[in-house]
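**Q** Below is protein.cif; it holds mmCIF, C-alpha atoms.
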```
data_work
#
loop_
_atom_site.label_atom_id
_atom_site.label_comp_id
_atom_site.auth_asym_id
_atom_site.auth_seq_id
_atom_site.Cartn_x
_atom_site.Cartn_y
_atom_site.Cartn_z
CA MET D 817 -20.44 81.28 54.94
CA SER D 818 -22.46 78.09 55.62
CA ILE D 819 -22.67 77.03 59.28
CA GLU D 820 -24.16 73.67 60.30
CA GLU D 821 -24.87 74.22 64.00
CA ALA D 822 -25.95 77.07 66.25
CA PHE D 823 -27.35 77.81 69.69
CA THR D 824 -30.97 78.86 69.97
CA ALA D 825 -30.87 82.56 70.78
CA GLY D 826 -30.83 83.27 74.51
CA HIS D 827 -30.40 79.62 75.49
CA ASP D 828 -27.47 77.20 75.35
CA GLU D 829 -29.27 74.51 73.35
CA ARG D 830 -27.10 73.41 70.46
CA ILE D 831 -29.20 72.80 67.36
CA THR D 832 -28.45 71.70 63.80
CA ALA D 833 -29.87 73.48 60.76
CA GLU D 834 -31.71 70.24 59.98
CA ARG D 835 -33.45 70.26 63.37
CA ALA D 836 -34.33 73.94 63.00
CA TYR D 837 -35.86 73.12 59.61
CA GLU D 838 -37.93 70.27 61.06
CA LEU D 839 -39.13 72.36 64.00
CA HIS D 840 -40.25 75.11 61.63
CA TRP D 841 -42.30 72.68 59.52
CA ALA D 842 -43.74 71.16 62.71
CA ASP D 843 -44.97 74.70 63.59
CA LEU D 844 -42.62 74.90 66.60
CA LEU D 845 -40.20 77.52 65.26
CA ASP D 846 -40.98 80.86 63.64
CA ARG D 847 -39.69 81.72 60.19
CA ASP D 848 -37.75 84.69 61.63
CA ALA D 849 -36.20 82.73 64.53
CA ARG D 850 -32.71 83.85 65.54
CA PHE D 851 -29.71 81.85 66.68
CA THR D 852 -26.17 82.45 67.96
CA CYS D 853 -22.80 81.04 66.96
CA VAL D 854 -21.33 77.96 68.70
CA GLY D 855 -17.75 79.18 68.26
CA ASN D 856 -15.32 79.59 71.14
CA GLY D 857 -16.13 82.78 73.04
CA CYS D 858 -18.54 83.84 70.31
CA SER D 859 -22.21 84.82 70.29
CA ALA D 860 -22.57 86.26 66.80
CA PRO D 861 -26.25 86.37 65.73
CA LEU D 862 -27.23 83.88 62.99
CA ILE D 863 -30.29 83.12 60.88
CA CYS D 864 -31.30 79.83 59.29
CA ALA D 865 -31.43 80.11 55.49
CA CYS D 866 -33.99 78.17 53.42
CA LEU D 867 -36.02 77.50 56.56
CA ASP D 868 -39.34 77.85 54.74
CA LYS D 869 -38.39 76.11 51.46
CA PRO D 870 -40.27 72.80 51.05
CA GLU D 871 -37.92 71.54 48.34
CA GLN D 872 -34.30 70.57 48.94
CA ASN D 873 -31.40 69.96 46.58
CA LEU D 874 -27.71 70.80 46.41
CA ARG D 875 -28.54 74.49 46.07
CA ILE D 876 -31.50 74.71 48.46
CA ARG D 877 -30.87 73.24 51.91
CA PRO D 878 -31.10 74.61 55.45
CA TYR D 879 -27.96 76.14 56.92
CA PHE D 880 -27.04 78.90 59.33
CA ARG D 881 -25.35 82.09 58.22
CA SER D 882 -24.20 85.26 59.92
CA TYR D 883 -24.93 88.84 58.92
CA ARG D 884 -21.30 90.00 59.01
CA LEU D 885 -17.98 88.26 59.55
CA GLU D 886 -16.96 90.95 62.01
CA ASP D 887 -19.83 89.94 64.32
CA HIS D 888 -17.82 86.86 65.29
CA ALA D 889 -15.33 86.92 68.15
CA ASP D 890 -11.61 86.77 67.37
CA THR D 891 -11.52 83.39 69.13
CA CYS D 892 -14.31 81.92 66.94
CA GLU D 893 -13.01 78.92 65.02
CA VAL D 894 -16.31 78.64 63.11
CA ALA D 895 -15.69 81.96 61.35
CA HIS D 896 -11.89 82.02 61.33
CA GLY D 897 -11.05 78.33 61.04
CA ARG D 898 -8.56 78.17 63.89
CA GLY D 899 -8.28 75.14 66.14
CA GLU D 900 -10.40 72.84 63.95
CA SER D 901 -9.57 69.15 63.95
CA LYS D 902 -9.51 67.71 60.44
CA ALA D 903 -7.73 64.44 61.11
CA GLU D 904 -10.70 62.44 62.35
CA LYS D 905 -13.42 61.45 59.90
CA ARG D 906 -16.51 60.18 61.66
CA PRO D 907 -19.49 58.44 60.02
CA ASP D 908 -22.82 60.19 59.83
CA VAL D 909 -25.50 58.57 61.98
CA PHE D 910 -29.00 57.78 60.71
CA GLU D 911 -31.40 57.20 63.60
CA ALA D 912 -34.32 54.88 62.86
CA GLU D 913 -36.45 56.49 65.58
CA ARG D 914 -36.53 60.01 67.01
CA PRO D 915 -36.09 60.70 70.73
CA ALA D 916 -39.40 61.06 72.55
CA ASP D 917 -38.82 64.78 73.15
CA HIS D 918 -37.43 65.56 69.69
CA PHE D 919 -40.40 67.70 68.71
CA ARG D 920 -40.50 70.31 71.41
CA ALA D 921 -40.29 74.03 70.98
CA PRO D 922 -36.86 75.57 71.67
CA ALA D 923 -36.40 78.27 74.31
CA ALA D 924 -38.30 81.49 73.67
CA THR D 925 -36.51 83.90 71.37
CA PRO D 926 -35.23 86.99 73.24
CA THR D 927 -36.07 90.54 72.30
CA ALA D 928 -34.59 92.16 69.23
CA ASP D 929 -32.25 94.26 71.41
CA ALA D 930 -30.86 91.14 73.06
CA VAL D 931 -30.22 89.53 69.70
CA ALA D 932 -28.61 92.65 68.30
CA SER D 933 -26.12 92.87 71.17
CA PRO D 934 -25.44 89.32 72.40
CA ALA D 935 -23.11 88.74 75.30
CA ARG D 936 -19.90 86.94 74.38
CA ARG D 937 -19.47 83.46 75.78
CA ALA D 938 -16.25 82.93 77.65
CA ALA D 939 -13.49 81.54 75.44
CA PRO D 940 -12.00 78.20 76.56
CA SER D 941 -8.61 77.95 78.18
CA ALA D 942 -5.49 77.76 76.03
CA GLY D 943 -4.90 74.41 74.38
CA THR D 944 -8.57 73.48 74.11
CA VAL D 945 -9.38 72.04 70.67
CA SER D 946 -12.89 71.73 69.28
CA ARG D 947 -13.63 68.12 68.39
CA PRO D 948 -15.64 67.14 65.32
CA ARG D 949 -19.17 65.96 66.07
CA ALA D 950 -20.97 63.17 64.26
CA SER D 951 -24.03 64.35 62.31
CA HIS D 952 -27.23 62.61 63.46
CA TYR D 953 -30.13 62.50 61.02
CA TYR D 954 -33.70 61.34 61.49
CA ARG D 955 -35.29 62.04 58.11
CA LEU D 956 -34.15 60.07 55.08
CA SER D 957 -34.23 63.35 53.16
CA SER D 958 -31.15 64.49 55.09
CA LEU D 959 -29.29 61.30 54.24
CA VAL D 960 -30.24 61.66 50.56
CA GLN D 961 -28.85 65.18 50.70
CA LYS D 962 -25.51 63.84 51.96
CA PHE D 963 -25.60 61.12 49.29
CA LEU D 964 -25.96 63.76 46.57
CA GLU D 965 -23.13 65.80 48.04
CA HIS D 966 -20.83 62.77 48.18
CA ARG D 967 -21.76 61.92 44.58
CA ARG D 968 -20.66 65.40 43.62
CA ASP D 969 -17.44 65.01 45.61
CA LYS D 970 -16.82 61.54 44.09
CA ASP D 971 -16.25 59.85 47.46
CA LEU D 972 -19.34 57.61 47.79
CA ASP D 973 -17.09 54.59 48.36
CA GLU D 974 -15.29 56.33 51.24
CA ALA D 975 -17.97 58.31 53.09
CA THR D 976 -19.74 56.21 55.70
CA VAL D 977 -22.99 56.20 57.62
CA GLU D 978 -23.91 54.30 60.80
CA ILE D 979 -27.37 52.74 61.17
CA GLY D 980 -28.25 50.64 64.20
CA GLY D 981 -24.62 50.25 65.19
CA GLU D 982 -23.52 49.04 61.74
CA THR D 983 -21.40 51.21 59.47
CA GLN D 984 -21.42 51.07 55.68
CA THR D 985 -20.53 53.32 52.78
CA TYR D 986 -23.06 55.52 51.03
CA GLU D 987 -22.32 53.58 47.85
CA ALA D 988 -23.36 50.29 49.48
CA LEU D 989 -26.41 51.76 51.24
CA PHE D 990 -28.08 53.39 48.21
CA ARG D 991 -29.37 50.93 45.59
CA ASN D 992 -31.32 51.41 42.40
CA VAL D 993 -34.23 48.97 42.00
CA TYR D 994 -33.70 48.65 38.25
CA ARG D 995 -33.64 45.01 37.13
CA GLN D 996 -32.18 43.62 40.34
CA LYS D 997 -33.34 40.11 41.25
CA VAL D 998 -35.93 40.76 43.94
CA ALA D 999 -36.10 37.20 45.32
CA ASP D 1000 -32.47 37.54 46.46
CA LEU D 1001 -33.11 40.89 48.15
CA LEU D 1002 -36.23 40.39 50.29
CA GLY D 1003 -34.15 40.54 53.48
CA THR D 1004 -32.05 43.50 52.36
CA ARG D 1005 -32.86 46.81 53.99
CA ALA D 1006 -31.30 49.58 51.95
CA VAL D 1007 -32.16 52.98 50.56
CA TRP D 1008 -33.89 51.83 47.39
CA TRP D 1009 -34.44 54.50 44.76
CA GLY D 1010 -35.71 55.09 41.26
CA THR D 1011 -38.06 57.18 39.17
CA ALA D 1012 -41.75 56.83 40.00
CA SER D 1013 -45.24 58.16 39.40
CA LEU D 1014 -47.06 59.85 42.26
CA ARG D 1015 -50.78 60.48 42.69
CA ALA D 1016 -53.08 61.54 45.49
CA THR D 1017 -55.73 59.07 46.64
CA LYS D 1018 -59.40 59.85 47.30
CA GLU D 1019 -58.85 59.08 50.99
CA GLY D 1020 -56.25 61.84 51.37
CA GLY D 1021 -53.12 59.71 51.06
CA TYR D 1022 -50.66 59.14 48.22
CA TYR D 1023 -49.72 56.23 45.96
CA LEU D 1024 -46.31 55.76 44.33
CA ARG D 1025 -45.36 53.29 41.63
CA PHE D 1026 -41.76 52.87 40.46
CA SER D 1027 -41.17 53.33 36.74
CA ARG D 1028 -38.45 50.71 36.45
CA PRO D 1029 -38.83 47.13 37.71
CA PHE D 1030 -37.21 44.50 39.83
CA ARG D 1031 -36.68 41.15 38.07
CA HIS D 1032 -38.53 38.03 39.23
CA ASP D 1033 -38.08 34.86 37.14
CA ASP D 1034 -39.24 35.97 33.68
CA ALA D 1035 -41.36 38.84 35.02
CA GLU D 1036 -40.60 42.49 35.70
CA LEU D 1037 -42.24 43.84 38.85
CA ARG D 1038 -42.56 47.55 39.52
CA PRO D 1039 -42.70 48.10 43.30
CA THR D 1040 -45.34 50.32 44.89
CA ILE D 1041 -45.68 52.38 48.08
CA THR D 1042 -48.89 53.56 49.74
CA LEU D 1043 -48.92 56.44 52.23
CA THR D 1044 -52.26 56.54 54.05
CA ALA D 1045 -53.98 59.71 55.25
CA LYS D 1046 -53.98 58.32 58.81
CA GLU D 1047 -50.20 57.84 58.76
CA ILE D 1048 -49.62 61.31 57.35
CA ASP D 1049 -51.95 63.02 59.84
CA ALA D 1050 -49.98 61.45 62.71
CA TYR D 1051 -46.63 62.57 61.29
CA PRO D 1052 -45.13 65.63 63.08
CA VAL D 1053 -43.68 67.04 59.82
CA ARG D 1054 -46.82 66.32 57.79
CA ARG D 1055 -47.06 69.91 56.54
CA LEU D 1056 -43.65 69.57 54.88
CA LEU D 1057 -44.44 66.14 53.41
CA ARG D 1058 -47.75 67.25 51.90
CA ALA D 1059 -46.21 70.47 50.57
CA ARG D 1060 -43.52 68.50 48.72
CA LEU D 1061 -45.85 65.83 47.32
CA ASP D 1062 -48.56 68.28 46.23
CA LYS D 1063 -45.91 70.45 44.55
CA LEU D 1064 -44.65 67.45 42.54
CA ILE D 1065 -48.17 66.53 41.43
CA ALA D 1066 -48.88 70.12 40.38
CA GLU D 1067 -45.57 70.88 38.65
CA SER D 1068 -44.39 67.55 37.17
CA ASP D 1069 -47.67 65.64 36.94
CA GLY D 1070 -46.41 63.31 39.66
CA TYR D 1071 -43.19 62.29 37.90
CA CYS D 1072 -40.59 62.05 40.64
CA VAL D 1073 -37.62 60.24 42.12
CA VAL D 1074 -38.37 58.26 45.28
CA PHE D 1075 -35.99 57.02 47.95
CA VAL D 1076 -37.16 54.59 50.63
CA TRP D 1077 -35.28 52.92 53.48
CA ALA D 1078 -36.99 49.55 53.61
CA LYS D 1079 -36.92 45.91 52.55
CA PRO D 1080 -38.72 44.76 49.38
CA TRP D 1081 -41.76 42.65 50.28
CA MET D 1082 -43.51 39.97 48.18
CA PRO D 1083 -46.51 37.81 49.17
CA LYS D 1084 -45.78 34.09 49.35
CA ASP D 1085 -49.02 32.70 47.96
CA ALA D 1086 -50.34 35.45 45.68
CA GLU D 1087 -51.80 34.30 42.37
CA LYS D 1088 -49.75 36.99 40.63
CA PRO D 1089 -46.46 38.17 42.18
CA PHE D 1090 -45.96 41.82 43.12
CA VAL D 1091 -43.52 43.89 45.18
CA ARG D 1092 -44.23 46.54 47.82
CA PHE D 1093 -42.25 48.71 50.15
CA TYR D 1094 -43.97 49.22 53.49
CA VAL D 1095 -43.15 52.53 55.18
CA ASN D 1096 -44.04 52.36 58.87
CA ASN D 1097 -42.18 55.58 59.65
CA LEU D 1098 -42.63 58.50 57.25
CA ASP D 1099 -39.13 59.70 58.15
CA HIS D 1100 -37.93 56.77 56.02
CA ILE D 1101 -39.15 58.03 52.64
CA ASP D 1102 -38.01 60.96 50.51
CA VAL D 1103 -39.67 62.02 47.25
CA ARG D 1104 -37.94 64.54 44.99
CA GLY D 1105 -38.43 66.25 41.66
CA PRO D 1106 -37.01 64.82 38.42
CA GLU D 1107 -34.40 67.59 38.23
CA ILE D 1108 -32.07 65.54 40.47
CA LEU D 1109 -31.73 62.74 37.90
CA GLU D 1110 -28.62 64.35 36.45
CA GLU D 1111 -27.08 64.49 39.93
CA LEU D 1112 -27.86 60.81 40.45
CA ARG D 1113 -26.24 59.62 37.24
CA ASN D 1114 -23.43 57.11 37.72
CA THR D 1115 -23.99 56.72 41.46
CA SER D 1116 -25.49 53.21 41.31
CA ARG D 1117 -23.92 49.92 40.34
CA VAL D 1118 -26.70 49.38 37.83
CA ALA D 1119 -27.97 51.62 35.04
CA SER D 1120 -29.64 54.86 36.06
CA PRO D 1121 -33.36 55.20 35.27
#
```
Before anything else, please render the file you have as structure tokens.

**A**
Amino acid sequence: MSIEEAFTAGHDERITAERAYELHWADLLDRDARFTCVGNGCSAPLICACLDKPEQNLRIRPYFRSYRLEDHADTCEVAHGRGESKAEKRPDVFEAERPADHFRAPAATPTADAVASPARRAAPSAGTVSRPRASHYYRLSSLVQKFLEHRRDKDLDEATVEIGGETQTYEALFRNVYRQKVADLLGTRAVWWGTASLRATKEGGYYLRFSRPFRHDDAELRPTITLTAKEIDAYPVRRLLRARLDKLIAESDGYCVVFVWAKPWMPKDAEKPFVRFYVNNLDHIDVRGPEILEELRNTSRVASP
């Protein structure tokens, strides 16, 4: 059973599997960290699966799971499905910036005996109904994950995401760069994606070049992205980012699929036109292996790469 939220063991801090994953890769959460269920009157012990996996796809993503169903209280709607509200569909929320205290270590994990025999939380009074919570994401990788899941479920035109107070569908937000007219899109911030080549730079950064181009007059311009070593070293989840990029270079010779939440940029007076995506926040880029191309097919309004 996949569970999306849990309490840190021994402390009533509600945490998503995504946040647990980020804290682990920021060296703030041990691989064997333990958690407890958020269900009504329940304190069943949980673990976070895939916590130490640098890659993510539909089959490998962080989530909480319990050891045994019988560990959950009878009143636990997480395990038994009672009292859930399914009527309200709320948009996911993509936060452009993290809270100042986002990267802080959770409460210390209690002893093994305390985890093995957790005290039950008091169940709520009769008539209390658990309300659905909006999912807040800070890394683009999490939003890409939801995009892939909605592609699989064939509801891209219905599922929505809120960014900066504006709500749009996943279908409208995600755009393939291939042969779109770049001059008309310079003010359009979207999640641009396409196949690309990736290489490490001598300075310790990375350089990406899209395989398929934007159109500009009679020219075809393949956009580029540069990630500097200075930017990466200042990034709290740098260990995860480098692990993913180095793995792609080693296993697929740098052939990848890149997603970036940004606006295309072109110089006004350059002798020869070119297009770049500037990534000021490394949370706003996600680079994945070519195996997801099949999952991406037919999700864009233009031809897939």

**Q** Show which residues sit within 12 Å of His952 in chain D, as a PDB file with C-alpha atoms, in the frame of the given file. Count only C-alpha atoms, and ignore same-chain residues fewer than 5 positions away.

**A**
```
ATOM      1  CA  GLU D 820     -24.160  73.670  60.300  1.00  0.00           C
ATOM      2  CA  GLU D 821     -24.870  74.220  64.000  1.00  0.00           C
ATOM      3  CA  ILE D 831     -29.200  72.800  67.360  1.00  0.00           C
ATOM      4  CA  THR D 832     -28.450  71.700  63.800  1.00  0.00           C
ATOM      5  CA  ALA D 833     -29.870  73.480  60.760  1.00  0.00           C
ATOM      6  CA  GLU D 834     -31.710  70.240  59.980  1.00  0.00           C
ATOM      7  CA  ARG D 835     -33.450  70.260  63.370  1.00  0.00           C
ATOM      8  CA  ARG D 906     -16.510  60.180  61.660  1.00  0.00           C
ATOM      9  CA  PRO D 907     -19.490  58.440  60.020  1.00  0.00           C
ATOM     10  CA  ASP D 908     -22.820  60.190  59.830  1.00  0.00           C
ATOM     11  CA  VAL D 909     -25.500  58.570  61.980  1.00  0.00           C
ATOM     12  CA  PHE D 910     -29.000  57.780  60.710  1.00  0.00           C
ATOM     13  CA  GLU D 911     -31.400  57.200  63.600  1.00  0.00           C
ATOM     14  CA  ALA D 912     -34.320  54.880  62.860  1.00  0.00           C
ATOM     15  CA  GLU D 913     -36.450  56.490  65.580  1.00  0.00           C
ATOM     16  CA  ARG D 914     -36.530  60.010  67.010  1.00  0.00           C
ATOM     17  CA  PRO D 915     -36.090  60.700  70.730  1.00  0.00           C
ATOM     18  CA  SER D 958     -31.150  64.490  55.090  1.00  0.00           C
ATOM     19  CA  LEU D 959     -29.290  61.300  54.240  1.00  0.00           C
ATOM     20  CA  LYS D 962     -25.510  63.840  51.960  1.00  0.00           C
ATOM     21  CA  VAL D 977     -22.990  56.200  57.620  1.00  0.00           C
ATOM     22  CA  GLU D 978     -23.910  54.300  60.800  1.00  0.00           C
ATOM     23  CA  ILE D 979     -27.370  52.740  61.170  1.00  0.00           C
TER      24      ILE D 979
END
```

**Q** For Thr1017 in chain D, which residue out of D:Asp1062, D:Glu893, D:Ile1101, D:Lys1084 is the nearest one, using only C-alpha atoms?

**A**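 With only C-alpha atoms as the atom set, the closest residue is D:Asp1062.
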
**Q** Just the number, please: distance in Å from CA of Leu1014 in chain D to CA of His840 in chain D, one decimal.

**A**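 We find that CA of Leu1014 in chain D and CA of His840 in chain D lie 25.6 Å from each other.
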
**Q** Quick one: which residues end up in the PyMOL selection byres ((chain D and resi 1022) around 10) for this structure, as an MDAnalysis selection string?

**A** chainID D and resid 1014:1021 1023:1024 1041:1045 1048 1058 1061:1062

**Q** Using only C-alpha atoms, which of D:Tyr837, D:Gly981, D:Leu844, D:Leu862 sits nearest Thr824 in chain D?

**A**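 Checking each candidate against Thr824 in chain D, we get D:Leu862 as the closest.
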
**Q** What would the list of residues within 8 Å of (-22.4, 76.0, 67.1) (file frame) look like as a VMD selection string, if only C-alpha atoms are what count?

**A** chain D and resid 819 to 823 830 to 831 852 to 855 894

**Q** Considering all atoms listed in the file, return as an MDAnalysis selection string whatever protein or nucleic-acid residues lie within 10 Å of Ala1035 in chain D, sequence-local ones (same chain, fewer than 5 positions apart) excluded.

**A** chainID D and resid 1029:1030 1089:1090

**Q** Set the distance at 9 Å and use all atoms listed in the file: which residues neighbour Asp1033 in chain D once local chain neighbours fewer than 3 positions away are removed? I'd like the list as a short mmCIF file (atom, residue, chain, number, x, y, z; two decimals) with C-alpha atoms, in the frame of the given file.

**A**
```cif
data_model
loop_
_atom_site.label_atom_id
_atom_site.label_comp_id
_atom_site.auth_asym_id
_atom_site.auth_seq_id
_atom_site.Cartn_x
_atom_site.Cartn_y
_atom_site.Cartn_z
CA LYS D 997 -33.34 40.11 41.25
CA ALA D 999 -36.10 37.20 45.32
CA GLU D 1036 -40.60 42.49 35.70
#
```

**Q** Rank nothing, just name the residue among D:Arg1055, D:His896, D:Arg995, D:Arg1104 nearest to Ala1012 in chain D, using all atoms listed in the file.

**A**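 Of the candidates, the smallest distance to Ala1012 in chain D is held by D:Arg1104.
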
**Q** What does the distance between CA of Arg991 in chain D and CA of Arg1092 in chain D come to in Å, to one decimal place?

**A**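 Going from CA of Arg991 in chain D over to CA of Arg1092 in chain D covers 15.7 Å.
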
**Q** Could you spell out the hits of the PyMOL selection byres ((chain D and resi 1103) around 6) on the shown file, as a VMD selection string?

**A** chain D and resid 1073 to 1074 1102 1104
